[in-house]
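Data first, discussion second: the structure below is written as structure tokens.
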Amino acid sequence: MGLIARKLNQMSIPTMRNSQWSVATLNSIIRNPVYYGAIAFQRRPEKKVRKDGIVRRTRPRVDRSEWTLAEGKHEGIITKETWEKAIEILQGRTHPPAPKGVIVNPLVGLIRCGMCGRLMVRRPYNSPDRPPGLICQAPTCNNVSSPLEIVEEKILEGLKIWLEKYKAQWESNMPQNIPSKKESALQIKENIVQDLEKNCMNYTNKTTIYMTY
């Protein structure tokens with residue numbers, strides 16, 4: 001379906017909402033029984049979910065056995081048999097969902113495409129010899145996918161470098177008078193803040209003198 005979406009975008013044919021075609025858009029169209037003359041209700045019923053004290057509305061897809069189908073008054077453009085065959089093909093291409101409570105993509109919502117700025121998503125493959133990758137969501141983006149494990153390794157390397165620099169800054173900002181073991185953690189933080197404020201004041205004074213000249 002990716003090839004179909006790419007071809008439609010190359011032909012500058014917009015979707016009903018005047019946006020670009022994607023695999024998700026085509027998937028939703030194929031699964032809709034309206035095209036063979038039926039109307040489906042409760043395909044994506046609205047549910048309220050409370051998370052971190054905030055109530056959010058979601059519309060998850062439900063199994064076909066939970067749909068309410070009714071015969072429409074319009075004429076279908078395909079037969080029901082064709083639609084059933086298309087659903088059968090789609091089901092053969094899907095991958096099993098991740099188990100609940102198991103983190104499949106620890107970088108979800110964090111990695112953006114360097115070319116178009118859209119979020120990168122995890123792409124699983126059916127072949128056991130091909131590890132999951134990260135791909136751009138934009139159907140017309142020319143960016144290539146990257147193996148997820150390589151991206152994770154590079155991020156960990158960057159975090160190690162950042163941690164070393166942060167450690168060096170922390171040691172340079174430690175107070176000159178090392179507190180005894182009996183002093184509380186709050187007192188240690190207060191000493192560090194006082195030293196930082198002193199350094200900031202000195203920097204401000206130097207900047208004022210420089211601006212005066």
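For the structure tokens, the naming scheme is as follows: chains receive sequential letters (A, B, ...) according to their order of presentation, residues are indexed from 1 within each chain, and ligands are indexed from 1 in presentation order.
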
Find the spatial neighbours of region 103-118 of chain A, counting only C-alpha atoms, within a cut-off of 8 Å - ignore same-chain residues fewer than 5 positions away - and output them as a PyMOL selection string.
chain A and resi 98+136-138+141-143

Would you mind reading off the distance between CA of Lys48 (chain A) and CA of Arg31 (chain A), one decimal, in Å?
24.4 Å

Test item: residues at most 12 Å from Gln42 (chain A), only C-alpha atoms, excluding those fewer than 3 positions along its chain, as a PDB file with N, CA, C and O atoms, in the first residue's frame:
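out_24.pdb, freshly written:
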```
ATOM      1  N   ILE A  39     -23.347  -0.120   6.215  1.00  0.00           N
ATOM      2  CA  ILE A  39     -22.963   0.918   7.158  1.00  0.00           C
ATOM      3  C   ILE A  39     -22.555   0.228   8.462  1.00  0.00           C
ATOM      4  O   ILE A  39     -23.302  -0.598   8.993  1.00  0.00           O
ATOM      5  N   PRO A  45     -15.631   3.102  18.878  1.00  0.00           N
ATOM      6  CA  PRO A  45     -16.400   3.807  19.914  1.00  0.00           C
ATOM      7  C   PRO A  45     -15.501   4.657  20.801  1.00  0.00           C
ATOM      8  O   PRO A  45     -14.356   4.295  21.087  1.00  0.00           O
ATOM      9  N   GLU A  46     -16.025   5.776  21.211  1.00  0.00           N
ATOM     10  CA  GLU A  46     -15.254   6.691  22.058  1.00  0.00           C
ATOM     11  C   GLU A  46     -15.187   6.160  23.486  1.00  0.00           C
ATOM     12  O   GLU A  46     -16.201   5.752  24.055  1.00  0.00           O
ATOM     13  N   LYS A  47     -13.992   6.197  24.040  1.00  0.00           N
ATOM     14  CA  LYS A  47     -13.790   5.760  25.420  1.00  0.00           C
ATOM     15  C   LYS A  47     -12.998   6.820  26.175  1.00  0.00           C
ATOM     16  O   LYS A  47     -12.143   7.490  25.602  1.00  0.00           O
ATOM     17  N   ARG A  59     -10.396   6.673  20.648  1.00  0.00           N
ATOM     18  CA  ARG A  59     -11.290   5.930  19.763  1.00  0.00           C
ATOM     19  C   ARG A  59     -10.556   4.709  19.210  1.00  0.00           C
ATOM     20  O   ARG A  59     -10.196   4.660  18.039  1.00  0.00           O
ATOM     21  N   PRO A  60     -10.327   3.712  20.035  1.00  0.00           N
ATOM     22  CA  PRO A  60      -9.613   2.521  19.568  1.00  0.00           C
ATOM     23  C   PRO A  60     -10.475   1.686  18.628  1.00  0.00           C
ATOM     24  O   PRO A  60     -11.705   1.642  18.749  1.00  0.00           O
ATOM     25  N   ARG A  61      -9.820   1.024  17.689  1.00  0.00           N
ATOM     26  CA  ARG A  61     -10.544   0.120  16.790  1.00  0.00           C
ATOM     27  C   ARG A  61     -10.937  -1.154  17.546  1.00  0.00           C
ATOM     28  O   ARG A  61     -10.172  -1.645  18.375  1.00  0.00           O
ATOM     29  N   VAL A  62     -12.120  -1.664  17.239  1.00  0.00           N
ATOM     30  CA  VAL A  62     -12.589  -2.888  17.882  1.00  0.00           C
ATOM     31  C   VAL A  62     -12.693  -3.992  16.838  1.00  0.00           C
ATOM     32  O   VAL A  62     -12.666  -3.737  15.628  1.00  0.00           O
ATOM     33  N   ASP A  63     -12.810  -5.210  17.303  1.00  0.00           N
ATOM     34  CA  ASP A  63     -12.908  -6.358  16.413  1.00  0.00           C
ATOM     35  C   ASP A  63     -14.208  -6.299  15.602  1.00  0.00           C
ATOM     36  O   ASP A  63     -15.217  -5.739  16.048  1.00  0.00           O
ATOM     37  N   ARG A  64     -14.180  -6.883  14.411  1.00  0.00           N
ATOM     38  CA  ARG A  64     -15.364  -6.863  13.543  1.00  0.00           C
ATOM     39  C   ARG A  64     -16.576  -7.508  14.198  1.00  0.00           C
ATOM     40  O   ARG A  64     -17.718  -7.153  13.904  1.00  0.00           O
ATOM     41  N   SER A  65     -16.342  -8.437  15.115  1.00  0.00           N
ATOM     42  CA  SER A  65     -17.465  -9.100  15.788  1.00  0.00           C
ATOM     43  C   SER A  65     -18.254  -8.137  16.666  1.00  0.00           C
ATOM     44  O   SER A  65     -19.407  -8.402  17.019  1.00  0.00           O
ATOM     45  N   GLU A  66     -17.664  -6.996  16.999  1.00  0.00           N
ATOM     46  CA  GLU A  66     -18.333  -6.013  17.850  1.00  0.00           C
ATOM     47  C   GLU A  66     -18.998  -4.909  17.038  1.00  0.00           C
ATOM     48  O   GLU A  66     -19.614  -4.010  17.606  1.00  0.00           O
ATOM     49  N   TRP A  67     -18.851  -4.931  15.706  1.00  0.00           N
ATOM     50  CA  TRP A  67     -19.498  -3.927  14.876  1.00  0.00           C
ATOM     51  C   TRP A  67     -21.003  -4.146  14.843  1.00  0.00           C
ATOM     52  O   TRP A  67     -21.503  -5.265  15.030  1.00  0.00           O
ATOM     53  N   THR A  68     -21.720  -3.073  14.543  1.00  0.00           N
ATOM     54  CA  THR A  68     -23.155  -3.152  14.246  1.00  0.00           C
ATOM     55  C   THR A  68     -23.322  -2.799  12.781  1.00  0.00           C
ATOM     56  O   THR A  68     -23.165  -1.640  12.385  1.00  0.00           O
ATOM     57  N   LEU A  69     -23.620  -3.804  11.952  1.00  0.00           N
ATOM     58  CA  LEU A  69     -23.738  -3.600  10.511  1.00  0.00           C
ATOM     59  C   LEU A  69     -25.187  -3.424  10.106  1.00  0.00           C
ATOM     60  O   LEU A  69     -26.079  -4.104  10.619  1.00  0.00           O
ATOM     61  N   ALA A  70     -25.419  -2.495   9.192  1.00  0.00           N
ATOM     62  CA  ALA A  70     -26.754  -2.253   8.658  1.00  0.00           C
ATOM     63  C   ALA A  70     -26.638  -2.038   7.153  1.00  0.00           C
ATOM     64  O   ALA A  70     -25.641  -1.492   6.668  1.00  0.00           O
TER      65      ALA A  70
END
```

Give the strand (DSSP E or B) residues of region 24-89 of chain A, as assigned by DSSP on the backbone, as number ranges by chain.
A: 38-41, 47-51, 54-58, 68-71

Mind writing the picked residues with C-alpha atoms as an mmCIF file, in the first residue's frame?
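Final output, part.cif:
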```cif
data_model
loop_
_atom_site.group_PDB
_atom_site.id
_atom_site.type_symbol
_atom_site.label_atom_id
_atom_site.label_comp_id
_atom_site.auth_asym_id
_atom_site.auth_seq_id
_atom_site.Cartn_x
_atom_site.Cartn_y
_atom_site.Cartn_z
ATOM 1 C CA ALA A 38 -23.169 -1.495 4.243
ATOM 2 C CA ILE A 39 -22.963 0.918 7.158
ATOM 3 C CA ALA A 40 -20.886 -0.037 10.213
ATOM 4 C CA PHE A 41 -21.550 1.446 13.619
ATOM 5 C CA LYS A 47 -13.790 5.760 25.420
ATOM 6 C CA LYS A 48 -12.594 7.890 28.316
ATOM 7 C CA VAL A 49 -9.224 6.996 29.792
ATOM 8 C CA ARG A 50 -7.769 8.547 32.930
ATOM 9 C CA LYS A 51 -3.995 8.867 33.007
ATOM 10 C CA ILE A 54 -6.177 13.705 33.234
ATOM 11 C CA VAL A 55 -9.201 12.307 31.397
ATOM 12 C CA ARG A 56 -8.591 11.752 27.699
ATOM 13 C CA ARG A 57 -10.935 10.598 24.948
ATOM 14 C CA THR A 58 -9.733 7.818 22.683
ATOM 15 C CA THR A 68 -23.155 -3.152 14.246
ATOM 16 C CA LEU A 69 -23.738 -3.600 10.511
ATOM 17 C CA ALA A 70 -26.754 -2.253 8.658
ATOM 18 C CA GLU A 71 -27.641 -2.303 4.975
#
```

Distance query Tyr36 (chain A) at most 10 Å, only C-alpha atoms, self and fewer than 6 positions along chain excluded, as a ChimeraX atom specification
/A:71-72,74-84

DSSP helix (DSSP H, G or I) residues within region 65-166 of chain A, as a ChimeraX atom specification:
/A:65-66,80-93,148-166

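When CA of Lys7 (chain A) is paired with CA of Ser19 (chain A), their separation reads 14.1 Å.
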
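One finds CA of Met11 (chain A) at 28.8 Å from CA of Tyr125 (chain A).
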
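Using only C-alpha atoms, the smallest distance between any of A:Met1, A:Leu163, A:Ile192, A:Ile150 and Asn27 (chain A) comes from A:Met1.
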
Considering only C-alpha atoms, return as a list of chain:residue names whatever protein or nucleic-acid residues lie within 10 Å of Val151 (chain A), sequence-local ones (same chain, fewer than 3 positions apart) excluded.
A:Leu107, A:Ile111, A:Gly133, A:Leu134, A:Ser146, A:Pro147, A:Leu148, A:Lys154, A:Ile155, A:Leu156, A:Glu157

Quick one: write out the picked residues with N, CA, C and O atoms as a short mmCIF file (atom, residue, chain, number, x, y, z; two decimals), in the first residue's frame?
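What ended up in selection.cif:
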```cif
data_model
loop_
_atom_site.label_atom_id
_atom_site.label_comp_id
_atom_site.auth_asym_id
_atom_site.auth_seq_id
_atom_site.Cartn_x
_atom_site.Cartn_y
_atom_site.Cartn_z
N LEU A 107 11.93 4.81 22.31
CA LEU A 107 12.16 6.14 21.74
C LEU A 107 10.90 6.75 21.16
O LEU A 107 10.97 7.74 20.43
N ILE A 111 12.14 10.78 18.65
CA ILE A 111 13.01 10.89 17.48
C ILE A 111 12.23 11.51 16.31
O ILE A 111 11.16 11.05 15.96
N GLY A 133 13.18 -1.29 12.59
CA GLY A 133 13.83 -0.04 12.23
C GLY A 133 12.98 1.15 12.61
O GLY A 133 11.85 1.02 13.08
N LEU A 134 13.53 2.34 12.40
CA LEU A 134 12.81 3.60 12.58
C LEU A 134 12.63 4.23 11.22
O LEU A 134 13.60 4.40 10.48
N SER A 146 16.39 3.53 9.60
CA SER A 146 17.59 3.17 10.34
C SER A 146 17.25 2.05 11.31
O SER A 146 16.18 2.08 11.92
N PRO A 147 18.13 1.07 11.48
CA PRO A 147 17.87 0.03 12.48
C PRO A 147 17.72 0.64 13.87
O PRO A 147 18.52 1.48 14.28
N LEU A 148 16.71 0.22 14.58
CA LEU A 148 16.41 0.77 15.90
C LEU A 148 17.57 0.58 16.87
O LEU A 148 17.89 1.48 17.66
N LYS A 154 23.73 4.91 19.45
CA LYS A 154 24.25 6.26 19.26
C LYS A 154 23.72 7.21 20.33
O LYS A 154 24.45 8.10 20.80
N ILE A 155 22.47 7.03 20.72
CA ILE A 155 21.90 7.88 21.78
C ILE A 155 22.59 7.62 23.11
O ILE A 155 22.91 8.55 23.86
N LEU A 156 22.87 6.36 23.41
CA LEU A 156 23.56 6.02 24.65
C LEU A 156 24.98 6.59 24.66
O LEU A 156 25.46 7.07 25.69
N GLU A 157 25.64 6.56 23.50
CA GLU A 157 26.97 7.15 23.41
C GLU A 157 26.91 8.66 23.67
O GLU A 157 27.75 9.21 24.38
#
```
